[in-house]
$ cat coords.cif   # mmCIF, C-alpha atoms
data_run
#
loop_
_atom_site.group_PDB
_atom_site.id
_atom_site.type_symbol
_atom_site.label_atom_id
_atom_site.label_comp_id
_atom_site.auth_asym_id
_atom_site.auth_seq_id
_atom_site.Cartn_x
_atom_site.Cartn_y
_atom_site.Cartn_z
ATOM 1 C CA MET S 1 -43.952 -11.245 -20.178
ATOM 2 C CA PRO S 2 -43.964 -7.730 -18.703
ATOM 3 C CA VAL S 3 -40.821 -6.656 -16.902
ATOM 4 C CA HIS S 4 -40.826 -4.136 -14.100
ATOM 5 C CA ASN S 5 -38.922 -0.962 -14.926
ATOM 6 C CA PRO S 6 -37.601 0.573 -11.674
ATOM 7 C CA SER S 7 -36.891 3.924 -13.297
ATOM 8 C CA LYS S 8 -40.560 4.307 -14.197
ATOM 9 C CA PRO S 9 -42.645 3.099 -11.266
ATOM 10 C CA GLY S 10 -45.935 1.638 -12.202
ATOM 11 C CA ARG S 11 -44.955 0.882 -15.795
ATOM 12 C CA ALA S 12 -43.869 -2.429 -17.142
ATOM 13 C CA ARG S 13 -42.091 -3.466 -20.326
ATOM 14 C CA SER S 14 -42.469 -6.551 -22.416
ATOM 15 C CA HIS S 15 -39.457 -8.845 -22.766
ATOM 16 C CA ARG S 16 -38.854 -7.498 -26.251
ATOM 17 C CA GLN S 17 -38.972 -3.929 -25.002
ATOM 18 C CA SER S 18 -36.622 -4.840 -22.236
ATOM 19 C CA GLN S 19 -34.091 -6.359 -24.637
ATOM 20 C CA LYS S 20 -34.228 -3.199 -26.710
ATOM 21 C CA PHE S 21 -33.805 -1.077 -23.572
ATOM 22 C CA TYR S 22 -30.626 -2.871 -22.519
ATOM 23 C CA LYS S 23 -29.227 -2.858 -26.052
ATOM 24 C CA THR S 24 -29.668 0.911 -26.189
ATOM 25 C CA ARG S 25 -28.046 1.307 -22.786
ATOM 26 C CA ARG S 26 -25.052 -0.730 -23.847
ATOM 27 C CA ARG S 27 -24.607 1.371 -26.952
ATOM 28 C CA ARG S 28 -24.934 4.571 -24.963
ATOM 29 C CA PHE S 29 -22.434 3.410 -22.392
ATOM 30 C CA ALA S 30 -20.050 2.260 -25.105
ATOM 31 C CA GLY S 31 -20.101 5.740 -26.580
ATOM 32 C CA ARG S 32 -19.340 7.422 -23.281
ATOM 33 C CA ALA S 33 -16.673 5.126 -22.027
ATOM 34 C CA GLU S 34 -13.869 6.180 -24.315
ATOM 35 C CA TYR S 35 -11.560 6.527 -21.337
ATOM 36 C CA MET S 36 -11.679 2.807 -20.773
ATOM 37 C CA PRO S 37 -9.256 0.406 -22.447
ATOM 38 C CA SER S 38 -10.980 -1.615 -25.112
ATOM 39 C CA GLY S 39 -10.397 -5.001 -23.449
ATOM 40 C CA LEU S 40 -11.940 -3.871 -20.217
ATOM 41 C CA HIS S 41 -14.754 -2.150 -22.013
ATOM 42 C CA ALA S 42 -15.688 -5.378 -23.704
ATOM 43 C CA ARG S 43 -15.623 -7.320 -20.464
ATOM 44 C CA THR S 44 -17.603 -4.996 -18.271
ATOM 45 C CA CYS S 45 -20.003 -3.582 -20.746
ATOM 46 C CA ILE S 46 -20.736 -6.214 -23.337
ATOM 47 C CA ALA S 47 -19.776 -9.599 -21.970
ATOM 48 C CA ALA S 48 -20.839 -8.998 -18.389
ATOM 49 C CA PRO S 49 -24.496 -9.624 -17.648
ATOM 50 C CA LEU S 50 -26.577 -6.527 -17.170
ATOM 51 C CA PRO S 51 -29.145 -7.648 -14.671
ATOM 52 C CA ARG S 52 -30.432 -4.293 -13.482
ATOM 53 C CA ASP S 53 -30.822 -0.788 -14.803
ATOM 54 C CA GLU S 54 -29.006 0.357 -11.692
ATOM 55 C CA PHE S 55 -25.725 -1.219 -12.848
ATOM 56 C CA VAL S 56 -25.778 0.395 -16.254
ATOM 57 C CA LEU S 57 -26.932 3.753 -15.001
ATOM 58 C CA THR S 58 -24.345 3.937 -12.228
ATOM 59 C CA ILE S 59 -21.411 3.097 -14.455
ATOM 60 C CA GLY S 60 -22.687 5.222 -17.280
ATOM 61 C CA ARG S 61 -23.131 8.302 -15.121
ATOM 62 C CA ILE S 62 -19.633 8.406 -13.656
ATOM 63 C CA PRO S 63 -17.762 10.296 -16.395
ATOM 64 C CA ASN S 64 -20.096 13.286 -16.335
ATOM 65 C CA SER S 65 -21.009 13.456 -12.670
ATOM 66 C CA TYR S 66 -17.489 13.244 -11.326
ATOM 67 C CA ASN S 67 -15.568 14.897 -14.145
ATOM 68 C CA PHE S 68 -13.639 11.756 -14.882
ATOM 69 C CA PRO S 69 -10.988 12.176 -17.533
ATOM 70 C CA THR S 70 -12.542 11.667 -20.925
ATOM 71 C CA ASN S 71 -9.515 10.459 -22.810
ATOM 72 C CA GLN S 72 -6.597 8.153 -22.208
ATOM 73 C CA THR S 73 -3.920 10.852 -22.316
ATOM 74 C CA LYS S 74 -5.662 12.923 -19.679
ATOM 75 C CA LEU S 75 -6.246 9.872 -17.524
ATOM 76 C CA GLU S 76 -2.555 8.944 -17.738
ATOM 77 C CA ARG S 77 -1.489 12.464 -16.816
ATOM 78 C CA ILE S 78 -3.779 12.627 -13.808
ATOM 79 C CA PHE S 79 -2.770 9.119 -12.773
ATOM 80 C CA GLN S 80 0.925 10.040 -12.913
ATOM 81 C CA GLU S 81 0.334 13.208 -10.900
ATOM 82 C CA HIS S 82 -1.328 11.185 -8.157
ATOM 83 C CA VAL S 83 1.404 8.534 -8.260
ATOM 84 C CA ASP S 84 4.089 11.186 -7.810
ATOM 85 C CA LEU S 85 2.200 12.858 -4.976
ATOM 86 C CA TRP S 86 1.548 9.568 -3.222
ATOM 87 C CA LYS S 87 5.132 8.345 -3.534
ATOM 88 C CA GLU S 88 6.558 11.545 -2.173
ATOM 89 C CA ALA S 89 4.090 11.748 0.706
ATOM 90 C CA THR S 90 4.393 8.121 1.810
ATOM 91 C CA GLU S 91 8.049 7.340 1.159
ATOM 92 C CA HIS S 92 8.906 7.316 4.848
ATOM 93 C CA CYS S 93 5.681 5.690 6.099
ATOM 94 C CA SER S 94 5.995 2.301 7.739
ATOM 95 C CA SER S 95 2.259 1.847 7.993
ATOM 96 C CA LEU S 96 0.359 0.424 5.062
ATOM 97 C CA SER S 97 -2.846 1.889 6.491
ATOM 98 C CA ARG S 98 -1.399 5.382 6.227
ATOM 99 C CA MET S 99 -0.251 4.740 2.681
ATOM 100 C CA ILE S 100 -3.576 3.565 1.393
ATOM 101 C CA VAL S 101 -5.669 6.277 2.986
ATOM 102 C CA HIS S 102 -3.597 8.971 1.306
ATOM 103 C CA PRO S 103 -5.947 11.009 -0.923
ATOM 104 C CA SER S 104 -3.958 10.280 -4.087
ATOM 105 C CA TYR S 105 -4.033 6.536 -3.485
ATOM 106 C CA ARG S 106 -7.762 6.699 -2.882
ATOM 107 C CA ARG S 107 -8.183 8.791 -6.008
ATOM 108 C CA ILE S 108 -6.317 6.192 -8.044
ATOM 109 C CA MET S 109 -8.508 3.422 -6.626
ATOM 110 C CA GLY S 110 -11.476 5.595 -7.497
ATOM 111 C CA MET S 111 -10.444 5.622 -11.146
ATOM 112 C CA GLY S 112 -11.575 2.020 -11.152
ATOM 113 C CA PRO S 113 -10.904 -0.508 -13.892
ATOM 114 C CA ALA S 114 -9.670 2.220 -16.239
ATOM 115 C CA ALA S 115 -6.587 2.595 -14.048
ATOM 116 C CA LEU S 116 -5.658 -1.088 -14.107
ATOM 117 C CA PRO S 117 -3.278 -0.962 -17.101
ATOM 118 C CA LEU S 118 -1.623 2.131 -15.630
ATOM 119 C CA ILE S 119 -1.219 0.649 -12.158
ATOM 120 C CA LEU S 120 0.188 -2.563 -13.573
ATOM 121 C CA ARG S 121 2.636 -0.676 -15.768
ATOM 122 C CA GLU S 122 3.689 1.400 -12.764
ATOM 123 C CA LEU S 123 4.067 -1.769 -10.697
ATOM 124 C CA LYS S 124 6.250 -3.265 -13.418
ATOM 125 C CA GLU S 125 8.493 -0.242 -13.821
ATOM 126 C CA HIS S 126 8.624 0.985 -10.216
ATOM 127 C CA PRO S 127 7.403 -1.733 -7.823
ATOM 128 C CA ASP S 128 5.487 -0.291 -4.917
ATOM 129 C CA HIS S 129 2.467 -1.022 -2.764
ATOM 130 C CA TRP S 130 -0.214 -1.268 -5.428
ATOM 131 C CA PHE S 131 -1.597 -4.614 -4.266
ATOM 132 C CA VAL S 132 -4.371 -3.045 -2.209
ATOM 133 C CA ALA S 133 -5.521 -0.867 -5.092
ATOM 134 C CA LEU S 134 -5.402 -3.777 -7.532
ATOM 135 C CA ASN S 135 -7.330 -5.950 -5.128
ATOM 136 C CA ALA S 136 -9.869 -3.213 -4.443
ATOM 137 C CA ILE S 137 -10.511 -2.626 -8.137
ATOM 138 C CA THR S 138 -10.571 -6.232 -9.322
ATOM 139 C CA GLY S 139 -11.894 -8.004 -6.241
ATOM 140 C CA ILE S 140 -9.357 -10.775 -6.706
ATOM 141 C CA ASP S 141 -5.989 -11.681 -5.231
ATOM 142 C CA PRO S 142 -3.837 -13.727 -7.610
ATOM 143 C CA VAL S 143 -0.929 -13.766 -5.139
ATOM 144 C CA PRO S 144 -0.258 -17.145 -3.503
ATOM 145 C CA ASP S 145 -0.193 -17.398 0.292
ATOM 146 C CA LYS S 146 3.047 -16.501 2.071
ATOM 147 C CA SER S 147 4.426 -14.644 -0.928
ATOM 148 C CA THR S 148 7.174 -12.092 -0.541
ATOM 149 C CA PHE S 149 6.836 -8.612 -1.986
ATOM 150 C CA ASP S 150 8.693 -9.627 -5.169
ATOM 151 C CA GLU S 151 6.542 -12.720 -5.597
ATOM 152 C CA ALA S 152 3.414 -10.612 -5.169
ATOM 153 C CA VAL S 153 4.630 -8.207 -7.856
ATOM 154 C CA ARG S 154 5.313 -11.109 -10.220
ATOM 155 C CA ALA S 155 1.902 -12.651 -9.547
ATOM 156 C CA TRP S 156 0.050 -9.414 -10.319
ATOM 157 C CA LEU S 157 2.106 -8.785 -13.466
ATOM 158 C CA ALA S 158 1.437 -12.320 -14.668
ATOM 159 C CA TRP S 159 -2.264 -11.740 -14.027
ATOM 160 C CA GLY S 160 -2.070 -8.477 -15.963
ATOM 161 C CA VAL S 161 -0.516 -10.190 -18.969
ATOM 162 C CA ARG S 162 -3.004 -13.058 -18.794
ATOM 163 C CA GLU S 163 -5.952 -10.663 -18.704
ATOM 164 C CA GLY S 164 -4.599 -8.458 -21.470
ATOM 165 C CA TYR S 165 -3.816 -5.362 -19.422
ATOM 166 C CA LEU S 166 -0.077 -5.640 -19.944
ATOM 167 C CA GLN S 167 2.000 -6.511 -23.009
ATOM 168 C CA MET G 1 23.894 7.040 -2.883
ATOM 169 C CA THR G 2 23.568 10.577 -1.558
ATOM 170 C CA ALA G 3 24.862 11.300 1.923
ATOM 171 C CA ARG G 4 21.672 12.988 3.061
ATOM 172 C CA ASP G 5 17.977 12.323 2.809
ATOM 173 C CA PHE G 6 16.478 15.785 2.604
ATOM 174 C CA GLY G 7 12.936 14.435 2.587
ATOM 175 C CA LEU G 8 13.514 12.612 5.835
ATOM 176 C CA GLU G 9 15.303 15.613 7.327
ATOM 177 C CA GLN G 10 12.222 17.655 6.617
ATOM 178 C CA LEU G 11 10.092 15.159 8.526
ATOM 179 C CA CYS G 12 12.627 14.642 11.302
ATOM 180 C CA PRO G 13 14.353 18.023 11.747
ATOM 181 C CA LYS G 14 16.715 16.703 14.438
ATOM 182 C CA LEU G 15 18.549 14.839 11.666
ATOM 183 C CA ARG G 16 19.823 18.212 10.448
ATOM 184 C CA THR G 17 21.910 18.626 13.559
ATOM 185 C CA MET G 18 22.609 15.028 14.555
ATOM 186 C CA PRO G 19 24.861 12.642 12.647
ATOM 187 C CA TYR G 20 23.330 9.894 10.537
ATOM 188 C CA ILE G 21 24.515 7.590 7.786
ATOM 189 C CA LEU G 22 22.403 6.245 4.936
ATOM 190 C CA THR G 23 23.220 2.583 4.488
ATOM 191 C CA SER G 24 20.975 1.401 1.645
ATOM 192 C CA PRO G 25 19.071 2.598 -1.408
ATOM 193 C CA LYS G 26 15.303 3.112 -1.287
ATOM 194 C CA ASP G 27 13.429 -0.160 -1.185
ATOM 195 C CA PRO G 28 9.664 -0.618 -0.840
ATOM 196 C CA ARG G 29 9.943 -4.374 -0.299
ATOM 197 C CA TYR G 30 10.387 -4.255 3.464
ATOM 198 C CA ASN G 31 9.635 -1.858 6.294
ATOM 199 C CA CYS G 32 11.108 -1.000 9.674
ATOM 200 C CA VAL G 33 9.413 -3.882 11.494
ATOM 201 C CA ALA G 34 10.772 -6.407 9.007
ATOM 202 C CA PHE G 35 14.207 -4.804 9.129
ATOM 203 C CA ALA G 36 14.275 -4.828 12.928
ATOM 204 C CA VAL G 37 13.901 -8.615 12.904
ATOM 205 C CA GLY G 38 16.282 -9.112 9.995
ATOM 206 C CA ASP G 39 13.851 -9.681 7.105
ATOM 207 C CA VAL G 40 14.427 -7.645 3.948
ATOM 208 C CA THR G 41 12.065 -9.580 1.658
ATOM 209 C CA GLN G 42 8.653 -8.807 3.123
ATOM 210 C CA PHE G 43 6.684 -5.812 4.254
ATOM 211 C CA TRP G 44 5.336 -6.672 7.691
ATOM 212 C CA TYR G 45 1.769 -5.535 8.051
ATOM 213 C CA ASP G 46 -1.521 -7.204 8.820
ATOM 214 C CA VAL G 47 -3.759 -6.773 5.855
ATOM 215 C CA SER G 48 -6.087 -9.355 4.408
ATOM 216 C CA ILE G 49 -4.348 -9.676 1.053
ATOM 217 C CA ASN G 50 -1.292 -11.696 0.130
ATOM 218 C CA GLY G 51 2.151 -10.187 -0.299
ATOM 219 C CA TYR G 52 2.378 -8.978 3.299
ATOM 220 C CA TYR G 53 3.372 -10.750 6.458
ATOM 221 C CA TRP G 54 2.281 -10.335 10.036
ATOM 222 C CA PRO G 55 2.673 -13.025 12.683
ATOM 223 C CA PRO G 56 -0.732 -14.695 13.031
ATOM 224 C CA SER G 57 -0.710 -14.512 16.826
ATOM 225 C CA ALA G 58 0.185 -10.806 16.993
ATOM 226 C CA ARG G 59 -2.423 -8.142 17.508
ATOM 227 C CA SER G 60 -3.154 -5.399 14.963
ATOM 228 C CA ALA G 61 -0.262 -3.689 13.232
ATOM 229 C CA ASP G 62 -2.027 -0.407 13.916
ATOM 230 C CA THR G 63 -1.468 -0.766 17.667
ATOM 231 C CA ILE G 64 1.601 -0.542 19.872
ATOM 232 C CA GLU G 65 0.498 -3.812 21.476
ATOM 233 C CA GLY G 66 0.625 -5.486 18.074
ATOM 234 C CA TRP G 67 4.206 -4.342 17.518
ATOM 235 C CA VAL G 68 5.171 -5.427 21.027
ATOM 236 C CA ASP G 69 3.668 -8.860 20.258
ATOM 237 C CA VAL G 70 5.865 -9.170 17.168
ATOM 238 C CA PHE G 71 9.041 -8.486 19.100
ATOM 239 C CA GLU G 72 8.004 -10.690 22.005
ATOM 240 C CA ILE G 73 7.619 -13.515 19.505
ATOM 241 C CA HIS G 74 11.237 -12.828 18.571
ATOM 242 C CA GLY G 75 12.394 -13.077 22.166
ATOM 243 C CA PHE G 76 12.406 -9.399 23.161
ATOM 244 C CA ARG G 77 11.096 -8.269 26.530
ATOM 245 C CA GLN G 78 10.204 -4.748 27.641
ATOM 246 C CA THR G 79 12.703 -2.645 29.542
ATOM 247 C CA ASP G 80 13.189 1.002 30.457
ATOM 248 C CA ASP G 81 16.913 1.034 29.812
ATOM 249 C CA ARG G 82 17.814 2.498 26.439
ATOM 250 C CA SER G 83 21.556 2.503 27.097
ATOM 251 C CA LEU G 84 23.953 0.056 25.444
ATOM 252 C CA GLU G 85 24.236 -3.238 27.278
ATOM 253 C CA THR G 86 26.687 -5.392 25.371
ATOM 254 C CA GLU G 87 25.008 -8.679 26.260
ATOM 255 C CA TYR G 88 21.601 -7.507 24.971
ATOM 256 C CA GLU G 89 20.114 -6.592 21.597
ATOM 257 C CA LYS G 90 17.592 -3.779 21.852
ATOM 258 C CA ILE G 91 14.813 -2.324 19.755
ATOM 259 C CA ALA G 92 12.953 0.972 20.239
ATOM 260 C CA ILE G 93 9.385 1.595 19.098
ATOM 261 C CA TYR G 94 8.400 5.135 18.147
ATOM 262 C CA ALA G 95 4.750 6.109 18.356
ATOM 263 C CA SER G 96 2.598 9.171 17.811
ATOM 264 C CA ALA G 97 -0.938 9.828 18.992
ATOM 265 C CA ASP G 98 -2.090 7.817 15.954
ATOM 266 C CA GLY G 99 -0.226 4.661 16.941
ATOM 267 C CA PRO G 100 3.109 3.003 16.260
ATOM 268 C CA GLU G 101 5.139 4.725 13.589
ATOM 269 C CA HIS G 102 8.647 3.328 13.518
ATOM 270 C CA VAL G 103 11.087 0.928 15.106
ATOM 271 C CA ALA G 104 14.875 0.963 15.300
ATOM 272 C CA ARG G 105 17.362 -1.599 16.553
ATOM 273 C CA GLN G 106 20.555 -0.922 18.424
ATOM 274 C CA LYS G 107 23.918 -1.870 16.982
ATOM 275 C CA ALA G 108 26.900 -3.090 18.972
ATOM 276 C CA SER G 109 28.383 0.385 18.579
ATOM 277 C CA GLY G 110 25.459 1.896 20.495
ATOM 278 C CA MET G 111 24.108 3.654 17.398
ATOM 279 C CA TRP G 112 20.635 2.709 16.164
ATOM 280 C CA ILE G 113 19.740 1.501 12.711
ATOM 281 C CA SER G 114 16.343 1.472 11.037
ATOM 282 C CA LYS G 115 14.467 1.487 7.763
ATOM 283 C CA ALA G 116 12.572 4.689 7.025
ATOM 284 C CA GLY G 117 9.311 3.373 5.567
ATOM 285 C CA LYS G 118 9.805 2.555 1.883
ATOM 286 C CA GLY G 119 12.928 4.689 1.880
ATOM 287 C CA ARG G 120 16.473 4.000 2.982
ATOM 288 C CA ASP G 121 18.105 2.247 5.926
ATOM 289 C CA LEU G 122 20.006 4.616 8.136
ATOM 290 C CA GLU G 123 22.189 4.618 11.219
ATOM 291 C CA HIS G 124 21.202 7.351 13.633
ATOM 292 C CA GLU G 125 20.930 8.481 17.213
ATOM 293 C CA LEU G 126 17.763 7.248 18.899
ATOM 294 C CA GLU G 127 16.454 10.773 19.505
ATOM 295 C CA ALA G 128 17.233 11.944 15.979
ATOM 296 C CA LEU G 129 14.011 10.495 14.578
ATOM 297 C CA GLU G 130 11.775 11.808 17.340
ATOM 298 C CA GLY G 131 9.384 14.550 16.281
ATOM 299 C CA ASN G 132 6.012 15.108 14.726
ATOM 300 C CA PHE G 133 6.388 12.425 12.075
ATOM 301 C CA TYR G 134 7.560 9.335 13.977
ATOM 302 C CA GLY G 135 6.505 10.593 17.403
ATOM 303 C CA LYS G 136 8.534 9.609 20.449
ATOM 304 C CA VAL G 137 10.191 6.447 21.665
ATOM 305 C CA VAL G 138 7.519 4.759 23.752
ATOM 306 C CA LYS G 139 8.865 1.234 24.184
ATOM 307 C CA ILE G 140 12.310 -0.232 24.563
ATOM 308 C CA MET G 141 12.663 -3.987 24.326
ATOM 309 C CA LYS G 142 15.688 -6.211 24.706
ATOM 310 C CA ARG G 143 16.735 -9.807 24.284
ATOM 311 C CA LYS G 144 19.800 -11.629 25.490
ATOM 312 C CA CYS G 145 22.479 -12.204 22.866
ATOM 313 C CA GLN G 146 22.580 -15.861 21.900
ATOM 314 C CA GLY G 147 25.829 -17.516 22.909
ATOM 315 C CA GLY G 148 27.176 -14.062 23.630
ATOM 316 C CA ARG G 149 26.599 -13.023 20.000
ATOM 317 C CA ARG G 150 24.066 -10.746 18.440
ATOM 318 C CA VAL G 151 21.580 -12.339 16.065
ATOM 319 C CA LEU G 152 21.534 -9.141 14.033
ATOM 320 C CA GLU G 153 24.181 -6.516 13.696
#
$ encode --input "coords.cif" --output "structure tokens"
Amino acid sequence: MPVHNPSKPGRARSHRQSQKFYKTRRRRFAGRAEYMPSGLHARTCIAAPLPRDEFVLTIGRIPNSYNFPTNQTKLERIFQEHVDLWKEATEHCSSLSRMIVHPSYRRIMGMGPAALPLILRELKEHPDHWFVALNAITGIDPVPDKSTFDEAVRAWLAWGVREGYLQ
Amino acid sequence: MTARDFGLEQLCPKLRTMPYILTSPKDPRYNCVAFAVGDVTQFWYDVSINGYYWPPSARSADTIEGWVDVFEIHGFRQTDDRSLETEYEKIAIYASADGPEHVARQKASGMWISKAGKGRDLEHELEALEGNFYGKVVKIMKRKCQGGRRVLE
């Protein structure tokens, strides 16, 4: 059955062609995404359904378009630079809103799933207000209602271990 | 613990010339609002994720009204008198053009004590934290000591 291809208006692919198209995309994305931890890579790229070209193309384009770090060491260095900047700039802030709109915090959130292991490690070693970033990246909140700060840290770390982001 | 917080002095230059005492290490677990009501386990802020606390009936944490609500819930009422009245506990809310920035509570000695964001607790003069960073004191609130005793020292 022909499938509409949004990148080529007016043309349609057969189901077989479509399968081949997505398989190629996955391979291409897998090759580009070396900055991503392997566990995450498997979840988002292989196991997750790929319903639309849009999804694959958007994710696949990020590294080149936005000069994302292309290896883990560089990512860690940039992450740490932003962490240091953010901590210094927001140490005396009482407002969470101010903290999370700081450019370095936003930049870390913008690193997306690739930053998860780094954020969780940072949270483990130097607890701080990473809950918003973790929630923004993952879309979940594993922290039970009425938790204290320490309980929230423990809940996120437990989630990180369970999901394979932390040892 | 060092005797001075140079980072805070940079933000609040009056601290360079006015006495202050650091009374705790840095701690991101609680903020000035929590500290002012005696809670050192939670960061008080209204955000729609768990791990934070804000009284459900209080207005937004980004508004002075929201902060006033919090302290009204704890029995404080607004006043203009920032002097020491031994039978009252007092808190002072600092605000800038962007909204509420900080809150301090008065000790029995007349000095004020507060938590500087995720940083340290410190005892200070009320005016010492006024400036570009925390703004100015815009609200003073007080509550009667219970049975002649302060709930918080």
$ residues_around --input "coords.cif" --residues "S:Val161" --least-positions-apart "4" --cutoff "12 Å" --atoms "all atoms listed in the file" --output "PyMOL selection string"
chain S and resi 116-117+120-121+124+154-157+165-167
$ resolve_selection --input "coords.cif" --expression "the PyMOL selection byres ((chain S) within 7 of (chain G))" --output "list of chain:residue names"
S:Glu91, S:His92, S:Cys93, S:Ser94, S:Ser95, S:Leu96, S:Asp128, S:Asp141, S:Val143, S:Pro144, S:Asp145, S:Lys146, S:Ser147, S:Thr148, S:Phe149, S:Ala152
$ residues_near_point --input "coords.cif" --point "(19.5, -9.4, 27.1)" --cutoff "8 Å" --atoms "all atoms listed in the file" --output "list in words"
Glu85, Glu87, Tyr88, Glu89, Lys90, Lys142, Arg143, Lys144 and Cys145 of chain G
$ closest_residue --input "coords.cif" --among "S:Glu76, S:Met99, S:His126, S:Ala136" --to "S:Asp150" --atoms "only C-alpha atoms"
S:His126
$ axis_aligned_box --input "coords.cif" --around "stretch 111-116 of chain G" --padding-each-side "5 Å" --output "AutoDock Vina command-line options"
--center_x 18.3 --center_y 3.1 --center_z 12.2 --size_x 21.5 --size_y 13.2 --size_z 20.4
$ atom_distance --input "coords.cif" --atom1 "atom CA of G:Arg105" --atom2 "atom CA of G:Cys12"
17.7 Å
